[in-house]
Amino acid sequence: MLRSATSTSCDLVGMYKFMFAVVVLLLPAIAEAKPEAVVASCPKTWQFGPRSMPLTGALIWANFIRIDETTTIRAGRALSRMDIAQFDQRPVFLHCTYGKDWKSVVAVQLPEHTISCEIEWETTKRRDTEGVHTHYIRALSAECHGPAQGEPAQAFAVSPPSPATEVEALRLRRSAADLKQLVAARGGSWFQPAEGAPAEIGFGDTRLKVIFSLATGLSREIVLYGPPPAEGDHAFQSAVISRFGFPIKYDDVVCADVWSDTDEIAVEWRSPCSKQPNLPLQEMRLVDMADPESRRVRGKE
């Protein structure tokens, strides 16, 4: 039996009402959805002293762990994509390298709302038997995407530790008299209970300690104190990465991430661990690894 025109008309009206209701319900979600924007990237070039160098490589690091990537190969190009939102390790940095030797480095800290990153590589040497390109000779670009909100990412040229490295203008291999004079000239406070004992130093809210060598009497460690460790607060740790790049290893003896693997100058970042569970403050230490005492403390002697 055929349906009446009135019945059909009622069905259409009901369908339209249903569709309208669905659209109304979806409007808030549609309004909140924002297109992803570039929230961080490796600069295409960077000025290192008198030289401007092109970008040659890029990696993603999350709390000193390299993030695995999904790579797509196509005609002379390789595209590596990383899903940052899947990783709970923090802080996360773009590790951008420049020049032919890849030794000049810029660290770019990613904003918390970063969703994904893509690095495009130029490739050579086609391996015809497998139909892929190998030997990625340089990164063409490295961009990270997320909602267009929050503070922009900042880029920092990193500098490996050396005898010239200063922490609040203090250096290693200096006498207590020289350092005390420098602190006084800067309006800081100095407390050293006895000759050869560690000196406690203050510049406003900044607190430091200098440890002297028993063999030479010169400064062998400079300790910069950070805030107490707090869940989700990586500012102090990030500042160390921004200045010195990414650590080379973890030292189990002193529970520290370590920058530099030579017998010259090293940097350490310390926070509580199983061996030091009650460390009240984070620490950044500038260490003279040429000093026998510094090496002995770290199990090197």
# chains A, B, ... in the order shown; residues from 1 in each chain; ligands from 1

$ residues_around --residues "A:Leu218" --least-positions-apart "5" --cutoff "6 Å" --atoms "only C-alpha atoms" --output "ChimeraX atom specification"
/A:173-175,212-213

$ write_last_selection --atoms "all heavy atoms" --output "mmCIF file, in the first residue's frame"
data_model
loop_
_atom_site.group_PDB
_atom_site.id
_atom_site.type_symbol
_atom_site.label_atom_id
_atom_site.label_comp_id
_atom_site.auth_asym_id
_atom_site.auth_seq_id
_atom_site.Cartn_x
_atom_site.Cartn_y
_atom_site.Cartn_z
ATOM 1 N N ARG A 173 89.537 26.123 38.518
ATOM 2 C CA ARG A 173 90.991 26.323 38.533
ATOM 3 C C ARG A 173 91.365 27.753 38.931
ATOM 4 O O ARG A 173 92.278 28.360 38.380
ATOM 5 C CB ARG A 173 91.610 25.952 37.179
ATOM 6 C CG ARG A 173 91.295 24.511 36.767
ATOM 7 C CD ARG A 173 91.778 24.182 35.371
ATOM 8 N NE ARG A 173 91.382 22.819 34.987
ATOM 9 C CZ ARG A 173 91.575 22.287 33.784
ATOM 10 N NH1 ARG A 173 92.175 23.012 32.838
ATOM 11 N NH2 ARG A 173 91.197 21.052 33.521
ATOM 12 N N ARG A 174 90.607 28.270 39.909
ATOM 13 C CA ARG A 174 90.875 29.605 40.445
ATOM 14 C C ARG A 174 91.080 29.495 41.951
ATOM 15 O O ARG A 174 90.503 28.636 42.610
ATOM 16 C CB ARG A 174 89.713 30.569 40.160
ATOM 17 C CG ARG A 174 89.480 30.852 38.694
ATOM 18 C CD ARG A 174 90.642 31.647 38.097
ATOM 19 N NE ARG A 174 90.381 32.104 36.733
ATOM 20 C CZ ARG A 174 90.628 31.402 35.647
ATOM 21 N NH1 ARG A 174 91.132 30.174 35.758
ATOM 22 N NH2 ARG A 174 90.389 31.878 34.451
ATOM 23 N N SER A 175 91.884 30.384 42.510
ATOM 24 C CA SER A 175 92.143 30.370 43.955
ATOM 25 C C SER A 175 90.944 30.932 44.704
ATOM 26 O O SER A 175 90.126 31.689 44.150
ATOM 27 C CB SER A 175 93.383 31.193 44.279
ATOM 28 O OG SER A 175 93.128 32.570 44.047
ATOM 29 N N PHE A 212 87.108 23.068 46.675
ATOM 30 C CA PHE A 212 88.500 23.284 46.299
ATOM 31 C C PHE A 212 89.296 21.978 46.352
ATOM 32 O O PHE A 212 89.004 21.071 47.140
ATOM 33 C CB PHE A 212 89.135 24.324 47.228
ATOM 34 C CG PHE A 212 88.510 25.688 47.095
ATOM 35 C CD1 PHE A 212 87.481 26.072 47.947
ATOM 36 C CD2 PHE A 212 88.919 26.551 46.102
ATOM 37 C CE1 PHE A 212 86.895 27.318 47.822
ATOM 38 C CE2 PHE A 212 88.334 27.808 45.968
ATOM 39 C CZ PHE A 212 87.317 28.185 46.826
ATOM 40 N N SER A 213 90.303 21.913 45.512
ATOM 41 C CA SER A 213 91.162 20.734 45.421
ATOM 42 C C SER A 213 92.119 20.686 46.609
ATOM 43 O O SER A 213 92.747 21.699 46.954
ATOM 44 C CB SER A 213 91.963 20.773 44.115
ATOM 45 O OG SER A 213 92.961 19.782 44.109
#

$ closest_atom_pairs --of "stretch 53-158 of chain A" --to "stretch 239-244 of chain A" --cutoff "8 Å" --atoms "only C-alpha atoms" --output "CSV"
residue,atom,partner,partner_atom,distance
A:Ala107,CA,A:Ser242,CA,5.8
A:Val108,CA,A:Ser242,CA,7.6
A:Gln109,CA,A:Ser242,CA,7.8
A:Ala155,CA,A:Ser242,CA,7.9
A:Phe156,CA,A:Ser242,CA,5.6
A:Ala157,CA,A:Arg243,CA,7.1
A:Val158,CA,A:Phe244,CA,4.8

$ select_by_dssp --residues "stretch 115-251 of chain A" --states "alpha helix (DSSP H)" --output "PDB file with N, CA and C atoms, in the first residue's frame"
ATOM      1  N   ALA A 176      90.854  30.587  45.983  1.00  0.00           N
ATOM      2  CA  ALA A 176      89.781  31.104  46.821  1.00  0.00           C
ATOM      3  C   ALA A 176      89.858  32.627  46.922  1.00  0.00           C
ATOM      4  N   ALA A 177      91.075  33.166  47.006  1.00  0.00           N
ATOM      5  CA  ALA A 177      91.239  34.620  47.118  1.00  0.00           C
ATOM      6  C   ALA A 177      90.690  35.323  45.878  1.00  0.00           C
ATOM      7  N   ASP A 178      90.999  34.790  44.695  1.00  0.00           N
ATOM      8  CA  ASP A 178      90.510  35.402  43.452  1.00  0.00           C
ATOM      9  C   ASP A 178      88.981  35.345  43.377  1.00  0.00           C
ATOM     10  N   LEU A 179      88.408  34.197  43.729  1.00  0.00           N
ATOM     11  CA  LEU A 179      86.957  34.052  43.651  1.00  0.00           C
ATOM     12  C   LEU A 179      86.261  34.925  44.690  1.00  0.00           C
ATOM     13  N   LYS A 180      86.819  34.988  45.879  1.00  0.00           N
ATOM     14  CA  LYS A 180      86.224  35.819  46.926  1.00  0.00           C
ATOM     15  C   LYS A 180      86.210  37.288  46.503  1.00  0.00           C
ATOM     16  N   GLN A 181      87.275  37.737  45.875  1.00  0.00           N
ATOM     17  CA  GLN A 181      87.352  39.116  45.395  1.00  0.00           C
ATOM     18  C   GLN A 181      86.305  39.366  44.308  1.00  0.00           C
ATOM     19  N   LEU A 182      86.127  38.400  43.390  1.00  0.00           N
ATOM     20  CA  LEU A 182      85.141  38.544  42.323  1.00  0.00           C
ATOM     21  C   LEU A 182      83.729  38.612  42.903  1.00  0.00           C
ATOM     22  N   VAL A 183      83.435  37.745  43.888  1.00  0.00           N
ATOM     23  CA  VAL A 183      82.105  37.745  44.503  1.00  0.00           C
ATOM     24  C   VAL A 183      81.831  39.077  45.191  1.00  0.00           C
ATOM     25  N   ALA A 184      82.823  39.593  45.897  1.00  0.00           N
ATOM     26  CA  ALA A 184      82.651  40.881  46.573  1.00  0.00           C
ATOM     27  C   ALA A 184      82.405  42.002  45.575  1.00  0.00           C
ATOM     28  N   ALA A 185      83.115  41.973  44.440  1.00  0.00           N
ATOM     29  CA  ALA A 185      82.942  43.011  43.418  1.00  0.00           C
ATOM     30  C   ALA A 185      81.538  42.985  42.821  1.00  0.00           C
ATOM     31  N   ALA A 235      62.154  23.222  34.337  1.00  0.00           N
ATOM     32  CA  ALA A 235      62.823  24.456  33.929  1.00  0.00           C
ATOM     33  C   ALA A 235      64.323  24.419  34.194  1.00  0.00           C
ATOM     34  N   PHE A 236      64.744  23.942  35.369  1.00  0.00           N
ATOM     35  CA  PHE A 236      66.161  23.927  35.703  1.00  0.00           C
ATOM     36  C   PHE A 236      66.911  22.946  34.808  1.00  0.00           C
ATOM     37  N   GLN A 237      66.356  21.760  34.655  1.00  0.00           N
ATOM     38  CA  GLN A 237      66.953  20.749  33.785  1.00  0.00           C
ATOM     39  C   GLN A 237      67.026  21.255  32.350  1.00  0.00           C
ATOM     40  N   SER A 238      65.956  21.894  31.882  1.00  0.00           N
ATOM     41  CA  SER A 238      65.920  22.423  30.517  1.00  0.00           C
ATOM     42  C   SER A 238      66.971  23.505  30.305  1.00  0.00           C
ATOM     43  N   ALA A 239      67.218  24.301  31.341  1.00  0.00           N
ATOM     44  CA  ALA A 239      68.224  25.358  31.229  1.00  0.00           C
ATOM     45  C   ALA A 239      69.615  24.776  31.019  1.00  0.00           C
ATOM     46  N   VAL A 240      69.896  23.623  31.651  1.00  0.00           N
ATOM     47  CA  VAL A 240      71.185  22.961  31.461  1.00  0.00           C
ATOM     48  C   VAL A 240      71.307  22.454  30.023  1.00  0.00           C
ATOM     49  N   ILE A 241      70.223  21.851  29.510  1.00  0.00           N
ATOM     50  CA  ILE A 241      70.231  21.366  28.127  1.00  0.00           C
ATOM     51  C   ILE A 241      70.385  22.526  27.153  1.00  0.00           C
ATOM     52  N   SER A 242      69.667  23.615  27.403  1.00  0.00           N
ATOM     53  CA  SER A 242      69.726  24.764  26.509  1.00  0.00           C
ATOM     54  C   SER A 242      71.130  25.346  26.424  1.00  0.00           C
ATOM     55  N   ARG A 243      71.891  25.223  27.501  1.00  0.00           N
ATOM     56  CA  ARG A 243      73.239  25.785  27.500  1.00  0.00           C
ATOM     57  C   ARG A 243      74.286  24.815  26.962  1.00  0.00           C
ATOM     58  N   PHE A 244      74.169  23.528  27.339  1.00  0.00           N
ATOM     59  CA  PHE A 244      75.236  22.576  27.018  1.00  0.00           C
ATOM     60  C   PHE A 244      74.824  21.479  26.035  1.00  0.00           C
TER      61      PHE A 244
END

$ closest_atom_pairs --of "stretch 66-115 of chain A" --to "stretch 160-163 of chain A" --cutoff "12 Å" --atoms "only C-alpha atoms" --output "JSON lines"
{"residue": "A:Lys103", "atom": "CA", "partner": "A:Pro160", "partner_atom": "CA", "distance": 10.0}
{"residue": "A:Ser104", "atom": "CA", "partner": "A:Pro160", "partner_atom": "CA", "distance": 9.9}
{"residue": "A:Val105", "atom": "CA", "partner": "A:Pro160", "partner_atom": "CA", "distance": 9.7}
{"residue": "A:Val106", "atom": "CA", "partner": "A:Pro160", "partner_atom": "CA", "distance": 11.7}

$ atom_distance --atom1 "atom CA of A:Leu224" --atom2 "atom CA of A:Pro280"
13.1 Å

$ residues_around --residues "A:Gly196" --least-positions-apart "2" --cutoff "7 Å" --atoms "only C-alpha atoms" --output "tab-separated table (two decimals) with all heavy atoms, in the first residue's frame"
chain	number	residue	atom	x	y	z
A	194	ALA	N	86.73	27.59	56.81
A	194	ALA	CA	88.16	27.39	57.03
A	194	ALA	C	88.86	27.34	55.68
A	194	ALA	O	88.24	27.08	54.64
A	194	ALA	CB	88.41	26.08	57.80
A	198	PRO	N	84.87	24.05	51.50
A	198	PRO	CA	83.95	24.58	50.48
A	198	PRO	C	83.44	25.96	50.87
A	198	PRO	O	83.24	26.26	52.05
A	198	PRO	CB	82.82	23.55	50.47
A	198	PRO	CG	83.44	22.30	50.97
A	198	PRO	CD	84.45	22.72	51.99
A	212	PHE	N	87.11	23.07	46.68
A	212	PHE	CA	88.50	23.28	46.30
A	212	PHE	C	89.30	21.98	46.35
A	212	PHE	O	89.00	21.07	47.14
A	212	PHE	CB	89.14	24.32	47.23
A	212	PHE	CG	88.51	25.69	47.09
A	212	PHE	CD1	87.48	26.07	47.95
A	212	PHE	CD2	88.92	26.55	46.10
A	212	PHE	CE1	86.89	27.32	47.82
A	212	PHE	CE2	88.33	27.81	45.97
A	212	PHE	CZ	87.32	28.18	46.83
A	217	GLY	N	94.61	23.46	45.82
A	217	GLY	CA	93.95	24.59	46.47
A	217	GLY	C	93.05	25.38	45.54
A	217	GLY	O	92.42	26.35	45.96

$ atom_distance --atom1 "atom CA of A:Glu221" --atom2 "atom CA of A:Gly187"
21.7 Å

$ atom_distance --atom1 "atom CA of A:Thr206" --atom2 "atom CA of A:Leu172"
18.3 Å

$ residues_around --residues "A:Asp263" --least-positions-apart "6" --cutoff "12 Å" --atoms "only C-alpha atoms" --output "ChimeraX atom specification"
/A:161-163,287-292,294-295,300-301

$ residues_around --residues "A:Val92" --least-positions-apart "5" --cutoff "9 Å" --atoms "only C-alpha atoms" --output "JSON, numbers by chain"
{"A": [60, 61, 62, 63, 64, 84, 108, 109, 110, 111, 112, 238]}
